[in-house]
Each structure stands twice: as structure tokens, then as C-alpha cells.
>>> print(open('run16.pdb').read())   # PDB, C-alpha atoms
ATOM      1  CA  MET K   1       8.849  26.554  -0.356
ATOM      2  CA  ASN K   2       5.255  25.492  -0.867
ATOM      3  CA  ILE K   3       1.992  27.098  -1.890
ATOM      4  CA  GLN K   4      -1.227  26.588   0.048
ATOM      5  CA  PRO K   5      -3.031  23.705  -1.732
ATOM      6  CA  LYS K   6      -6.324  24.611  -3.382
ATOM      7  CA  ASP K   7      -8.031  21.494  -2.046
ATOM      8  CA  THR K   8      -6.755  21.083   1.497
ATOM      9  CA  PHE K   9      -8.863  17.988   2.198
ATOM     10  CA  LEU K  10      -7.521  16.159  -0.855
ATOM     11  CA  TYR K  11      -3.942  17.173  -0.055
ATOM     12  CA  ARG K  12      -4.186  15.827   3.499
ATOM     13  CA  LEU K  13      -5.856  12.663   2.252
ATOM     14  CA  VAL K  14      -3.028  12.060  -0.237
ATOM     15  CA  CYS K  15      -0.395  12.667   2.469
ATOM     16  CA  LEU K  16      -2.135  10.151   4.748
ATOM     17  CA  ALA K  17      -2.357   7.604   1.906
ATOM     18  CA  ALA K  18       1.349   8.065   1.136
ATOM     19  CA  CYS K  19       2.280   7.405   4.776
ATOM     20  CA  ILE K  20       0.094   4.290   4.903
ATOM     21  CA  ALA K  21       1.503   3.068   1.564
ATOM     22  CA  PHE K  22       5.013   3.373   2.989
ATOM     23  CA  CYS K  23       3.926   1.380   6.060
ATOM     24  CA  VAL K  24       2.399  -1.284   3.793
ATOM     25  CA  VAL K  25       5.747  -1.651   1.998
ATOM     26  CA  ILE K  26       7.594  -2.026   5.294
ATOM     27  CA  LEU K  27       5.043  -4.447   6.724
ATOM     28  CA  GLY K  28       5.256  -6.439   3.496
ATOM     29  CA  ALA K  29       9.031  -6.645   3.890
ATOM     30  CA  TYR K  30       8.588  -7.761   7.500
ATOM     31  CA  THR K  31       6.113 -10.457   6.430
ATOM     32  CA  ARG K  32       8.453 -11.714   3.722
ATOM     33  CA  LEU K  33      11.537 -11.720   5.959
ATOM     34  CA  LYS K  34       9.569 -13.400   8.751
ATOM     35  CA  ASP K  35       8.827 -16.259   6.300
ATOM     36  CA  ALA K  36       5.151 -15.465   6.829
ATOM     37  CA  GLY K  37       4.222 -14.992   3.180
ATOM     38  CA  LEU K  38       2.220 -18.218   3.360
ATOM     39  CA  GLY K  39       1.093 -17.704   6.950
ATOM     40  CA  CYS K  40      -2.395 -17.772   5.455
ATOM     41  CA  PRO K  41      -2.507 -20.136   2.457
ATOM     42  CA  ASP K  42      -5.709 -18.631   1.012
ATOM     43  CA  TRP K  43      -6.720 -15.113  -0.087
ATOM     44  CA  PRO K  44      -8.213 -12.722   0.967
ATOM     45  CA  GLY K  45      -9.142 -14.580   4.165
ATOM     46  CA  CYS K  46      -7.030 -16.734   6.443
ATOM     47  CA  TYR K  47      -7.919 -20.444   6.486
ATOM     48  CA  GLY K  48     -11.383 -19.440   5.330
ATOM     49  CA  HIS K  49     -11.867 -16.756   8.018
ATOM     50  CA  VAL K  50     -11.721 -12.976   8.038
ATOM     51  CA  ILE K  51      -9.753 -13.085  11.308
ATOM     52  CA  VAL K  52      -6.938 -15.528  12.036
ATOM     53  CA  PRO K  53      -8.467 -18.662  13.611
ATOM     54  CA  HIS K  54      -6.921 -20.626  16.471
ATOM     55  CA  GLY K  55      -5.822 -24.226  16.712
ATOM     56  CA  THR K  56      -5.831 -26.522  13.704
ATOM     57  CA  ALA K  57      -7.068 -25.681  10.218
ATOM     58  CA  THR K  58     -10.041 -27.454   8.665
ATOM     59  CA  PRO K  59      -9.442 -30.564   6.511
ATOM     60  CA  ALA K  60      -9.837 -28.363   3.418
ATOM     61  CA  PHE K  61      -6.470 -26.822   4.331
ATOM     62  CA  GLY K  62      -4.788 -30.105   5.259
ATOM     63  CA  SER K  63      -5.615 -30.017   8.995
ATOM     64  CA  VAL K  64      -2.282 -28.250   9.636
ATOM     65  CA  LYS K  65      -1.514 -26.480  12.901
ATOM     66  CA  ILE K  66      -1.973 -22.741  12.427
ATOM     67  CA  GLU K  67       1.046 -20.555  13.267
ATOM     68  CA  PRO K  68      -0.608 -17.453  14.779
ATOM     69  CA  ILE K  69       2.457 -15.190  14.620
ATOM     70  CA  LYS K  70       2.990 -15.761  10.903
ATOM     71  CA  ALA K  71      -0.725 -15.692  10.149
ATOM     72  CA  TRP K  72      -1.220 -12.392  11.971
ATOM     73  CA  ALA K  73       1.795 -10.870  10.202
ATOM     74  CA  GLU K  74       0.250 -11.768   6.850
ATOM     75  CA  MET K  75      -3.262 -10.630   7.777
ATOM     76  CA  SER K  76      -2.030  -7.356   9.318
ATOM     77  CA  HIS K  77      -0.387  -6.596   5.997
ATOM     78  CA  ARG K  78      -3.661  -7.343   4.185
ATOM     79  CA  TYR K  79      -5.731  -5.241   6.604
ATOM     80  CA  LEU K  80      -3.415  -2.252   6.174
ATOM     81  CA  ALA K  81      -3.329  -2.692   2.392
ATOM     82  CA  GLY K  82      -7.138  -2.852   2.399
ATOM     83  CA  THR K  83      -7.283   0.382   4.399
ATOM     84  CA  LEU K  84      -5.025   1.998   1.814
ATOM     85  CA  GLY K  85      -7.322   0.780  -0.962
ATOM     86  CA  VAL K  86     -10.338   2.390   0.713
ATOM     87  CA  LEU K  87      -8.450   5.681   1.160
ATOM     88  CA  ILE K  88      -7.482   5.732  -2.504
ATOM     89  CA  LEU K  89     -11.088   5.033  -3.479
ATOM     90  CA  ILE K  90     -12.144   8.078  -1.424
ATOM     91  CA  LEU K  91      -9.297  10.035  -3.034
ATOM     92  CA  LEU K  92     -10.528   9.162  -6.518
ATOM     93  CA  ALA K  93     -14.097  10.092  -5.616
ATOM     94  CA  ARG K  94     -12.883  13.466  -4.319
ATOM     95  CA  VAL K  95     -10.928  14.095  -7.519
ATOM     96  CA  CYS K  96     -13.956  13.265  -9.667
ATOM     97  CA  MET K  97     -16.151  15.656  -7.675
ATOM     98  CA  THR K  98     -13.784  18.625  -7.506
ATOM     99  CA  TYR K  99     -11.342  18.486 -10.433
ATOM    100  CA  LYS K 100     -13.140  21.285 -12.308
ATOM    101  CA  ARG K 101     -13.438  23.480  -9.243
ATOM    102  CA  TYR K 102      -9.797  23.162  -8.117
ATOM    103  CA  GLN K 103      -8.120  22.179 -11.429
ATOM    104  CA  THR K 104      -6.996  19.004  -9.696
ATOM    105  CA  PRO K 105      -4.733  16.698 -11.745
ATOM    106  CA  VAL K 106      -6.723  13.682 -12.926
ATOM    107  CA  GLY K 107      -4.216  11.485 -14.753
ATOM    108  CA  LEU K 108      -1.962  10.695 -11.787
ATOM    109  CA  PRO K 109      -4.831   9.731  -9.419
ATOM    110  CA  MET K 110      -6.237   7.413 -12.091
ATOM    111  CA  ILE K 111      -2.856   5.719 -12.519
ATOM    112  CA  ILE K 112      -2.699   5.303  -8.740
ATOM    113  CA  GLY K 113      -6.159   3.704  -8.764
ATOM    114  CA  LEU K 114      -5.175   1.235 -11.490
ATOM    115  CA  LEU K 115      -1.957   0.413  -9.639
ATOM    116  CA  VAL K 116      -3.930  -0.413  -6.492
ATOM    117  CA  LEU K 117      -5.975  -2.944  -8.471
ATOM    118  CA  LEU K 118      -2.771  -4.434  -9.891
ATOM    119  CA  GLN K 119      -1.279  -4.645  -6.395
ATOM    120  CA  ALA K 120      -4.341  -6.450  -5.087
ATOM    121  CA  SER K 121      -3.996  -8.995  -7.897
ATOM    122  CA  LEU K 122      -0.288  -9.457  -7.219
ATOM    123  CA  GLY K 123      -1.042  -9.876  -3.505
ATOM    124  CA  ARG K 124      -3.429 -12.662  -4.328
ATOM    125  CA  PHE K 125      -1.030 -14.366  -6.759
ATOM    126  CA  THR K 126       1.784 -14.099  -4.227
ATOM    127  CA  VAL K 127      -0.209 -16.499  -2.043
ATOM    128  CA  THR K 128      -1.963 -18.658  -4.622
ATOM    129  CA  LEU K 129       1.248 -19.177  -6.643
ATOM    130  CA  LYS K 130       3.130 -19.956  -3.425
ATOM    131  CA  LEU K 131       5.656 -17.107  -3.411
ATOM    132  CA  LEU K 132       6.597 -17.393  -7.080
ATOM    133  CA  PRO K 133       9.722 -15.132  -7.196
ATOM    134  CA  PRO K 134       8.695 -12.862 -10.126
ATOM    135  CA  VAL K 135       5.326 -12.202  -8.486
ATOM    136  CA  VAL K 136       6.940 -11.443  -5.110
ATOM    137  CA  MET K 137       9.439  -9.083  -6.746
ATOM    138  CA  PHE K 138       6.828  -7.211  -8.813
ATOM    139  CA  HIS K 139       4.583  -6.941  -5.747
ATOM    140  CA  LEU K 140       7.426  -5.229  -3.882
ATOM    141  CA  LEU K 141       8.152  -2.905  -6.817
ATOM    142  CA  GLY K 142       4.448  -2.125  -7.163
ATOM    143  CA  GLY K 143       4.234  -1.143  -3.503
ATOM    144  CA  MET K 144       7.209   1.193  -3.800
ATOM    145  CA  THR K 145       5.851   2.669  -7.036
ATOM    146  CA  LEU K 146       2.478   3.313  -5.411
ATOM    147  CA  THR K 147       4.163   5.076  -2.488
ATOM    148  CA  VAL K 148       6.272   7.231  -4.808
ATOM    149  CA  LEU K 149       3.275   8.208  -6.962
ATOM    150  CA  LEU K 150       1.312   9.264  -3.892
ATOM    151  CA  VAL K 151       4.261  11.385  -2.746
ATOM    152  CA  LEU K 152       4.462  12.964  -6.210
ATOM    153  CA  LEU K 153       0.754  13.741  -6.111
ATOM    154  CA  ALA K 154       1.171  15.352  -2.686
ATOM    155  CA  LEU K 155       4.079  17.459  -3.980
ATOM    156  CA  ARG K 156       2.043  18.556  -6.970
ATOM    157  CA  LEU K 157      -1.045  19.432  -4.936
ATOM    158  CA  GLY K 158       1.104  21.320  -2.429
ATOM    159  CA  GLY K 159       2.921  23.345  -5.090
ATOM    160  CA  PHE K 160       6.358  22.400  -3.782
ATOM    161  CA  PHE K 161       9.699  23.381  -5.364
ATOM    162  CA  ALA K 162       8.307  26.241  -7.448
ATOM    163  CA  ASN K 163      11.338  28.320  -6.429
ATOM    164  CA  MET K 164      14.134  25.868  -7.280
ATOM    165  CA  HIS K 165      17.063  27.695  -8.942
ATOM    166  CA  ASN K 166      16.744  27.324 -12.720
ATOM    167  CA  THR K 167      20.514  27.037 -13.276
ATOM    168  CA  ASP K 168      20.683  23.977 -11.012
ATOM    169  CA  CYS K 169      17.705  22.436 -12.796
ATOM    170  CA  LYS K 170      19.303  22.712 -16.224
ATOM    171  CA  ARG K 171      22.704  21.527 -15.040
ATOM    172  CA  PHE K 172      21.833  18.402 -13.072
ATOM    173  CA  LYS K 173      18.410  17.078 -14.091
ATOM    174  CA  TYR K 174      19.632  14.546 -16.674
ATOM    175  CA  TRP K 175      22.268  13.193 -14.312
ATOM    176  CA  THR K 176      19.693  12.682 -11.565
ATOM    177  CA  ILE K 177      17.338  10.905 -13.973
ATOM    178  CA  PHE K 178      20.106   8.453 -14.854
ATOM    179  CA  GLY K 179      20.851   8.018 -11.143
ATOM    180  CA  LEU K 180      17.173   7.247 -10.519
ATOM    181  CA  LEU K 181      17.229   4.566 -13.225
ATOM    182  CA  LEU K 182      20.286   2.992 -11.594
ATOM    183  CA  LEU K 183      18.501   3.004  -8.234
ATOM    184  CA  ILE K 184      15.402   1.344  -9.720
ATOM    185  CA  VAL K 185      17.562  -1.436 -11.192
ATOM    186  CA  GLN K 186      19.270  -1.899  -7.828
ATOM    187  CA  ILE K 187      15.979  -2.059  -5.911
ATOM    188  CA  THR K 188      14.764  -4.627  -8.447
ATOM    189  CA  LEU K 189      17.916  -6.684  -7.839
ATOM    190  CA  GLY K 190      17.305  -6.415  -4.098
ATOM    191  CA  GLY K 191      13.740  -7.637  -4.529
ATOM    192  CA  TRP K 192      14.941 -10.543  -6.677
ATOM    193  CA  THR K 193      17.596 -11.431  -4.090
ATOM    194  CA  SER K 194      15.006 -11.498  -1.321
ATOM    195  CA  ALA K 195      12.377 -13.356  -3.375
ATOM    196  CA  ASN K 196      14.894 -16.124  -4.113
ATOM    197  CA  TYR K 197      16.198 -16.301  -0.520
ATOM    198  CA  ALA K 198      19.707 -15.443  -1.702
ATOM    199  CA  SER K 199      20.527 -12.789   0.910
ATOM    200  CA  LEU K 200      22.718 -15.172   2.918
ATOM    201  CA  ALA K 201      24.349 -16.973  -0.009
ATOM    202  CA  CYS K 202      27.572 -15.286   1.155
ATOM    203  CA  THR K 203      27.987 -14.209   4.758
ATOM    204  CA  ASP K 204      31.589 -12.983   4.647
ATOM    205  CA  PHE K 205      32.295  -9.430   3.538
ATOM    206  CA  PRO K 206      33.842  -8.123   1.322
ATOM    207  CA  TYR K 207      34.565 -11.698   0.240
ATOM    208  CA  CYS K 208      32.188 -14.456  -0.798
ATOM    209  CA  HIS K 209      33.307 -17.836   0.514
ATOM    210  CA  GLY K 210      36.857 -16.488   0.649
ATOM    211  CA  ALA K 211      36.920 -15.031  -2.877
ATOM    212  CA  LEU K 212      36.465 -11.421  -3.967
ATOM    213  CA  LEU K 213      34.761 -12.610  -7.145
ATOM    214  CA  PRO K 214      33.527 -16.210  -6.962
ATOM    215  CA  THR K 215      32.520 -18.189 -10.023
ATOM    216  CA  LEU K 216      29.163 -16.874 -11.199
ATOM    217  CA  GLN K 217      26.445 -18.916 -12.857
ATOM    218  CA  PHE K 218      23.913 -16.828 -14.774
ATOM    219  CA  ASP K 219      22.055 -19.675 -16.529
ATOM    220  CA  HIS K 220      19.078 -19.684 -14.145
ATOM    221  CA  ALA K 221      19.838 -16.701 -11.912
ATOM    222  CA  PHE K 222      17.367 -14.303 -13.533
ATOM    223  CA  THR K 223      14.773 -16.583 -15.068
ATOM    224  CA  LEU K 224      11.305 -15.057 -14.762
ATOM    225  CA  LEU K 225       9.350 -18.011 -16.175
ATOM    226  CA  ASP K 226       9.608 -20.339 -13.184
ATOM    227  CA  LYS K 227       7.623 -23.499 -12.561
ATOM    228  CA  ILE K 228       4.108 -22.803 -11.321
ATOM    229  CA  GLY K 229       2.548 -24.905  -8.583
ATOM    230  CA  ILE K 230       5.530 -25.703  -6.381
ATOM    231  CA  ASN K 231       6.200 -24.025  -3.032
ATOM    232  CA  TYR K 232       8.977 -21.424  -3.292
ATOM    233  CA  GLN K 233       9.200 -20.643   0.432
ATOM    234  CA  GLY K 234      12.845 -20.984   1.415
ATOM    235  CA  GLY K 235      13.907 -20.895  -2.237
ATOM    236  CA  ILE K 236      14.639 -23.684  -4.711
ATOM    237  CA  LEU K 237      17.792 -22.411  -6.445
ATOM    238  CA  ASP K 238      21.173 -24.076  -5.909
ATOM    239  CA  GLU K 239      23.970 -22.358  -4.006
ATOM    240  CA  ALA K 240      25.932 -21.220  -7.074
ATOM    241  CA  THR K 241      22.875 -19.520  -8.559
ATOM    242  CA  ARG K 242      22.039 -17.779  -5.292
ATOM    243  CA  ILE K 243      25.634 -16.570  -5.029
ATOM    244  CA  THR K 244      25.326 -15.130  -8.540
ATOM    245  CA  ILE K 245      22.177 -13.215  -7.603
ATOM    246  CA  LEU K 246      23.688 -11.858  -4.387
ATOM    247  CA  MET K 247      26.981 -10.832  -6.017
ATOM    248  CA  THR K 248      25.074  -9.041  -8.800
ATOM    249  CA  HIS K 249      23.186  -7.144  -6.101
ATOM    250  CA  ARG K 250      26.465  -6.299  -4.369
ATOM    251  CA  LEU K 251      27.988  -5.041  -7.615
ATOM    252  CA  GLY K 252      24.880  -2.959  -8.251
ATOM    253  CA  ALA K 253      25.160  -1.462  -4.772
ATOM    254  CA  MET K 254      28.747  -0.406  -5.463
ATOM    255  CA  ILE K 255      27.777   1.201  -8.781
ATOM    256  CA  VAL K 256      24.770   3.074  -7.358
ATOM    257  CA  ALA K 257      26.611   4.232  -4.235
ATOM    258  CA  GLY K 258      29.638   5.352  -6.242
ATOM    259  CA  TYR K 259      27.540   7.197  -8.816
ATOM    260  CA  TRP K 260      25.437   9.077  -6.280
ATOM    261  CA  LEU K 261      28.426   9.878  -4.067
ATOM    262  CA  LEU K 262      30.254  11.424  -7.021
ATOM    263  CA  LEU K 263      27.148  13.260  -8.242
ATOM    264  CA  CYS K 264      26.374  14.621  -4.770
ATOM    265  CA  LEU K 265      29.930  15.894  -4.365
ATOM    266  CA  VAL K 266      29.756  17.666  -7.732
ATOM    267  CA  MET K 267      26.358  19.180  -6.885
ATOM    268  CA  LEU K 268      27.574  20.152  -3.423
ATOM    269  CA  GLY K 269      30.381  22.200  -4.920
ATOM    270  CA  THR K 270      28.294  24.053  -7.506
ATOM    271  CA  ALA K 271      24.661  24.107  -6.306
ATOM    272  CA  ARG K 272      23.057  27.517  -5.811
ATOM    273  CA  SER K 273      19.737  26.406  -4.368
ATOM    274  CA  LYS K 274      19.251  25.781  -0.647
ATOM    275  CA  ILE K 275      16.600  23.200  -1.539
ATOM    276  CA  LEU K 276      19.120  21.253  -3.614
ATOM    277  CA  LEU K 277      21.666  21.399  -0.800
ATOM    278  CA  ARG K 278      19.128  19.848   1.576
ATOM    279  CA  PHE K 279      18.432  17.107  -0.955
ATOM    280  CA  ILE K 280      22.152  16.372  -1.272
ATOM    281  CA  LEU K 281      22.653  16.031   2.483
ATOM    282  CA  ILE K 282      19.605  13.759   2.851
ATOM    283  CA  ILE K 283      20.733  11.543  -0.036
ATOM    284  CA  LEU K 284      24.263  11.235   1.370
ATOM    285  CA  PHE K 285      22.882  10.315   4.784
ATOM    286  CA  LEU K 286      20.466   7.701   3.431
ATOM    287  CA  LEU K 287      23.089   6.298   1.069
ATOM    288  CA  SER K 288      25.598   5.880   3.893
ATOM    289  CA  LEU K 289      22.984   4.315   6.144
ATOM    290  CA  GLN K 290      21.904   1.896   3.403
ATOM    291  CA  VAL K 291      25.468   0.692   2.797
ATOM    292  CA  ILE K 292      25.997   0.143   6.523
ATOM    293  CA  LEU K 293      22.713  -1.772   6.858
ATOM    294  CA  GLY K 294      23.601  -3.914   3.846
ATOM    295  CA  ILE K 295      26.931  -4.904   5.379
ATOM    296  CA  LEU K 296      25.350  -5.562   8.784
ATOM    297  CA  ASN K 297      22.777  -7.835   7.132
ATOM    298  CA  LEU K 298      25.612 -10.040   5.932
ATOM    299  CA  VAL K 299      27.888 -10.129   8.946
ATOM    300  CA  LEU K 300      25.039 -10.471  11.464
ATOM    301  CA  MET K 301      23.177 -13.134   9.419
ATOM    302  CA  LEU K 302      20.151 -11.055   8.379
ATOM    303  CA  PRO K 303      18.658  -9.963  11.720
ATOM    304  CA  LEU K 304      15.018  -9.028  11.204
ATOM    305  CA  PRO K 305      15.141  -5.370  12.428
ATOM    306  CA  ILE K 306      18.155  -4.565  10.246
ATOM    307  CA  ALA K 307      16.759  -6.406   7.222
ATOM    308  CA  VAL K 308      13.451  -4.533   7.490
ATOM    309  CA  SER K 309      15.326  -1.244   7.958
ATOM    310  CA  HIS K 310      17.301  -1.998   4.782
ATOM    311  CA  ASN K 311      14.009  -2.172   2.877
ATOM    312  CA  ALA K 312      12.711   0.989   4.548
ATOM    313  CA  VAL K 313      15.798   3.041   3.703
ATOM    314  CA  ALA K 314      15.674   1.803   0.092
ATOM    315  CA  ALA K 315      12.097   3.087  -0.131
ATOM    316  CA  LEU K 316      13.050   6.418   1.457
ATOM    317  CA  LEU K 317      15.998   6.811  -0.890
ATOM    318  CA  CYS K 318      13.724   6.191  -3.850
ATOM    319  CA  ILE K 319      11.180   8.729  -2.574
ATOM    320  CA  VAL K 320      13.855  11.396  -2.043
ATOM    321  CA  ILE K 321      15.509  10.894  -5.440
ATOM    322  CA  VAL K 322      12.168  10.875  -7.261
ATOM    323  CA  SER K 323      11.243  14.073  -5.361
ATOM    324  CA  LEU K 324      14.552  15.635  -6.422
ATOM    325  CA  ASN K 325      13.808  14.840 -10.064
ATOM    326  CA  TYR K 326      10.316  16.270  -9.646
ATOM    327  CA  ALA K 327      11.840  19.454  -8.182
ATOM    328  CA  PHE K 328      13.884  19.933 -11.352
ATOM    329  CA  TYR K 329      10.767  19.690 -13.532
ATOM    330  CA  ALA K 330       8.297  21.591 -11.328
ATOM    331  CA  LYS K 331       6.968  24.823 -12.805
ATOM    332  CA  LYS K 332       9.112  27.734 -11.696
ATOM    333  CA  ASN K 333       7.860  31.135 -10.623
TER
END
>>> encode(input="run16.pdb", output="C-alpha cells")
Amino acid sequence: MNIQPKDTFLYRLVCLAACIAFCVVILGAYTRLKDAGLGCPDWPGCYGHVIVPHGTATPAFGSVKIEPIKAWAEMSHRYLAGTLGVLILILLARVCMTYKRYQTPVGLPMIIGLLVLLQASLGRFTVTLKLLPPVVMFHLLGGMTLTVLLVLLALRLGGFFANMHNTDCKRFKYWTIFGLLLLIVQITLGGWTSANYASLACTDFPYCHGALLPTLQFDHAFTLLDKIGINYQGGILDEATRITILMTHRLGAMIVAGYWLLLCLVMLGTARSKILLRFILIILFLLSLQVILGILNLVLMLPLPIAVSHNAVAALLCIVIVSLNYAFYAKKN
């Protein structure tokens, strides 16, 4: 159940920003998977222009032939991210003008504003540092975090989950927090796998080059301090290191899926709240869909629609599980 928000305009604005933030995450995944992260080698423009130019770039950019499809993918992502930035600026202005009148939360909007600035910086460094894997990964995590925070703000402004059953809250809230931490680690591993172009290091499933557990090489698999200045598009790691990254992601997927399946079954058998039951069914559906998409990515050699969907479902799963944790801590009537 929800309560009518005190500031309807702000609530609708936050909901719109959350939807756009989710689209920015998905468009960012599409750009990355399309190998269009360097479709425009400069920032914030594209070959020195606000709109993608045609033909050949100027000598300042090496007189290379411009690839319009990749350039437009990159610029579309920037345009949408810029639109989100403007919306959040309006959101912050509204909060500053009305927080006393409507007792609007101030801390969370300010964190969102700071995160937008950080995301803009990471977007720039993603290009200028030529897809440096740690920057790409943190840019992805920042986008998901921004989306989740906007959803949380919308839930708070809307007064959702005030009638969650207190017994369920006390019984399960610590288990769901731990499950959220596991999911965050797994999403981070997924971002690292993608940033290092390791998604197709093994294309057989459940094996990897014929072995259930191939020899793993962790020496350079998770090094954050990479060389700056070289072009990371396509990845620079050797096959053994990429296999290590992918297999770690696979193992993480098994742990997260197993944990949440077991937790959902336990909650399903003892939950008293209808809200919690809805959460359980949504989580089970998204979890099943995510596992299927992950397997299809491997056996079908990472088709773009399925790979993008894999990112989208990961974001949705994160939003739902964060919302579930918020429901356990929301003030009860």
C-alpha cells in the first residue's frame, strides 16, 4: 500500500528520473556490447561536434573514417545521460525550495546529485582513458547505484510499504541484506567480465574448454591498477586470465542463485505479508530469467539482444532486492 505523496510534482519527477536512469544503464550496456565505447574518441562532443559528423574526421583525430552507427550509439547514451542530469538538477532545486513545507528528505537527493557528478566524470574518463577496465566497471556500478537511489527516493516520497507485517521484517531482514551484498558482488564481477571482454572466454556450458573446472590464473585477473594510455577495446588479457574472470563470475552466479532460491523458498513457506509474497515471486521470476539469459549468452555466442537483456534483468533484480530491504526498514503504521 502507498500513501499519497505530499509533493506530487517531486514524486513524479523522481519516478521519471528513475525510469530514465534505468534506460541510461541499458543504453550504456548496449554501447559497450556494440563495441561503440570509443565511437566518439573525445568528450563531451563527437569528433569536435555536438552532433555526429559525416565522412572522415579532421586531422586532429587522425583523419579516420567515422563509423556513424557506433558514434550515434555513444552520443545517444550521452544525450540521455545529459537529460537525466538536467532532471536531477531540477529535482534538487525543487527539494531546496520545498523541503521545509513538505518535510522532504534532503540527504538522499544530495547524494544523488553528487553521484551524477561522479558519473559524468567516469563517463569522460571511460573515453579519455580508452575503456580502462576499472573505469568502465565503476561507471556501470555508478549507473545502477544512481537508478536504485532514485527508486528508493520514490518509495520514500510515496510512503510505500508502511503496512509490511512486522514479524516478517524481524525474521528475514538480515538474510535479505546479506543476499543483497552477494548480488552486488556478482554484478561487480559481471561488470569486470564485460569490461575485460571475457564473456566468451568459454563458450561451452557447463564446461569450459571441456573441463568443469579449468586451471585458473588469478595473478592478473583482478588487477585494478592497469596501464594508462593504451587502448583496451577488445581487451588485452591473455586467454587463461579471461577464463579465470569468467569462471569466477559463473561461480558467483551459482552462489547467488542458490542463496536466493533457498531464501525465497523459506520465506514462501512462512511469510505472512502479501507484499512479501509478491516480492518472492518477482525475485524467483527474475532469477530464473537471469540464469537462462546467462546460459544463452554462452551457447549463442553473446547475441546483442540477449546480452543487453542480461544487463537489464541484473538491474531489475537489484532494484527489486533493494526495494525489499527498504520494505523491511520502512516505518510501520
>>> axis_aligned_box(input="run16.pdb", around="region 157-160 of chain K", padding_each_side="8 Å", output="lines of an AutoDock Vina configuration file")
center_x = 2.7
center_y = 21.4
center_z = -3.8
size_x = 23.4
size_y = 19.9
size_z = 18.7
>>> resolve_selection(input="run16.pdb", expression="the PyMOL selection byres ((chain K and resi 172) around 10)", output="number ranges by chain")
K: 167-171, 173-177, 263, 266-267, 271, 325, 328
>>> resolve_selection(input="run16.pdb", expression="the PyMOL selection byres ((chain K and resi 249) around 12)", output="PDB file with C-alpha atoms, in the coordinates of the input")
ATOM      1  CA  LEU K 182      20.286   2.992 -11.594  1.00  0.00           C
ATOM      2  CA  LEU K 183      18.501   3.004  -8.234  1.00  0.00           C
ATOM      3  CA  VAL K 185      17.562  -1.436 -11.192  1.00  0.00           C
ATOM      4  CA  GLN K 186      19.270  -1.899  -7.828  1.00  0.00           C
ATOM      5  CA  ILE K 187      15.979  -2.059  -5.911  1.00  0.00           C
ATOM      6  CA  THR K 188      14.764  -4.627  -8.447  1.00  0.00           C
ATOM      7  CA  LEU K 189      17.916  -6.684  -7.839  1.00  0.00           C
ATOM      8  CA  GLY K 190      17.305  -6.415  -4.098  1.00  0.00           C
ATOM      9  CA  GLY K 191      13.740  -7.637  -4.529  1.00  0.00           C
ATOM     10  CA  TRP K 192      14.941 -10.543  -6.677  1.00  0.00           C
ATOM     11  CA  THR K 193      17.596 -11.431  -4.090  1.00  0.00           C
ATOM     12  CA  SER K 194      15.006 -11.498  -1.321  1.00  0.00           C
ATOM     13  CA  ALA K 198      19.707 -15.443  -1.702  1.00  0.00           C
ATOM     14  CA  SER K 199      20.527 -12.789   0.910  1.00  0.00           C
ATOM     15  CA  ALA K 201      24.349 -16.973  -0.009  1.00  0.00           C
ATOM     16  CA  CYS K 202      27.572 -15.286   1.155  1.00  0.00           C
ATOM     17  CA  ALA K 221      19.838 -16.701 -11.912  1.00  0.00           C
ATOM     18  CA  PHE K 222      17.367 -14.303 -13.533  1.00  0.00           C
ATOM     19  CA  ARG K 242      22.039 -17.779  -5.292  1.00  0.00           C
ATOM     20  CA  ILE K 243      25.634 -16.570  -5.029  1.00  0.00           C
ATOM     21  CA  THR K 244      25.326 -15.130  -8.540  1.00  0.00           C
ATOM     22  CA  ILE K 245      22.177 -13.215  -7.603  1.00  0.00           C
ATOM     23  CA  LEU K 246      23.688 -11.858  -4.387  1.00  0.00           C
ATOM     24  CA  MET K 247      26.981 -10.832  -6.017  1.00  0.00           C
ATOM     25  CA  THR K 248      25.074  -9.041  -8.800  1.00  0.00           C
ATOM     26  CA  ARG K 250      26.465  -6.299  -4.369  1.00  0.00           C
ATOM     27  CA  LEU K 251      27.988  -5.041  -7.615  1.00  0.00           C
ATOM     28  CA  GLY K 252      24.880  -2.959  -8.251  1.00  0.00           C
ATOM     29  CA  ALA K 253      25.160  -1.462  -4.772  1.00  0.00           C
ATOM     30  CA  MET K 254      28.747  -0.406  -5.463  1.00  0.00           C
ATOM     31  CA  ILE K 255      27.777   1.201  -8.781  1.00  0.00           C
ATOM     32  CA  VAL K 256      24.770   3.074  -7.358  1.00  0.00           C
ATOM     33  CA  GLY K 294      23.601  -3.914   3.846  1.00  0.00           C
TER      34      GLY K 294
END
>>> residues_around(input="run16.pdb", residues="Leu281 (chain K)", least_positions_apart="2", cutoff="12 Å", atoms="only C-alpha atoms", output="list in words")
Trp260, Leu261, Leu263, Cys264, Leu265, Met267, Leu268, Lys274, Ile275, Leu276, Leu277, Arg278, Phe279, Ile283, Leu284, Phe285, Leu286, Leu287, Ser288, Leu317, Val320 and Ile321 of chain K
>>> resolve_selection(input="run16.pdb", expression="the PyMOL selection byres ((chain K and resi 137) around 8)", output="mmCIF file with C-alpha atoms, keeping the file's coordinate frame")
data_model
loop_
_atom_site.group_PDB
_atom_site.id
_atom_site.type_symbol
_atom_site.label_atom_id
_atom_site.label_comp_id
_atom_site.auth_asym_id
_atom_site.auth_seq_id
_atom_site.Cartn_x
_atom_site.Cartn_y
_atom_site.Cartn_z
ATOM 1 C CA PRO K 133 9.722 -15.132 -7.196
ATOM 2 C CA PRO K 134 8.695 -12.862 -10.126
ATOM 3 C CA VAL K 135 5.326 -12.202 -8.486
ATOM 4 C CA VAL K 136 6.940 -11.443 -5.110
ATOM 5 C CA PHE K 138 6.828 -7.211 -8.813
ATOM 6 C CA HIS K 139 4.583 -6.941 -5.747
ATOM 7 C CA LEU K 140 7.426 -5.229 -3.882
ATOM 8 C CA LEU K 141 8.152 -2.905 -6.817
ATOM 9 C CA THR K 188 14.764 -4.627 -8.447
ATOM 10 C CA GLY K 191 13.740 -7.637 -4.529
ATOM 11 C CA TRP K 192 14.941 -10.543 -6.677
ATOM 12 C CA ALA K 195 12.377 -13.356 -3.375
#
>>> atom_distance(input="run16.pdb", atom1="CA of Ile88 (chain K)", atom2="CA of Trp43 (chain K)")
21.0 Å
>>> atom_distance(input="run16.pdb", atom1="CA of Arg78 (chain K)", atom2="CA of Leu316 (chain K)")
21.8 Å
>>> closest_residue(input="run16.pdb", among="K:Gln233, K:Glu74, K:Ala17, K:Phe61", to="Gly113 (chain K)", atoms="all atoms listed in the file")
K:Ala17
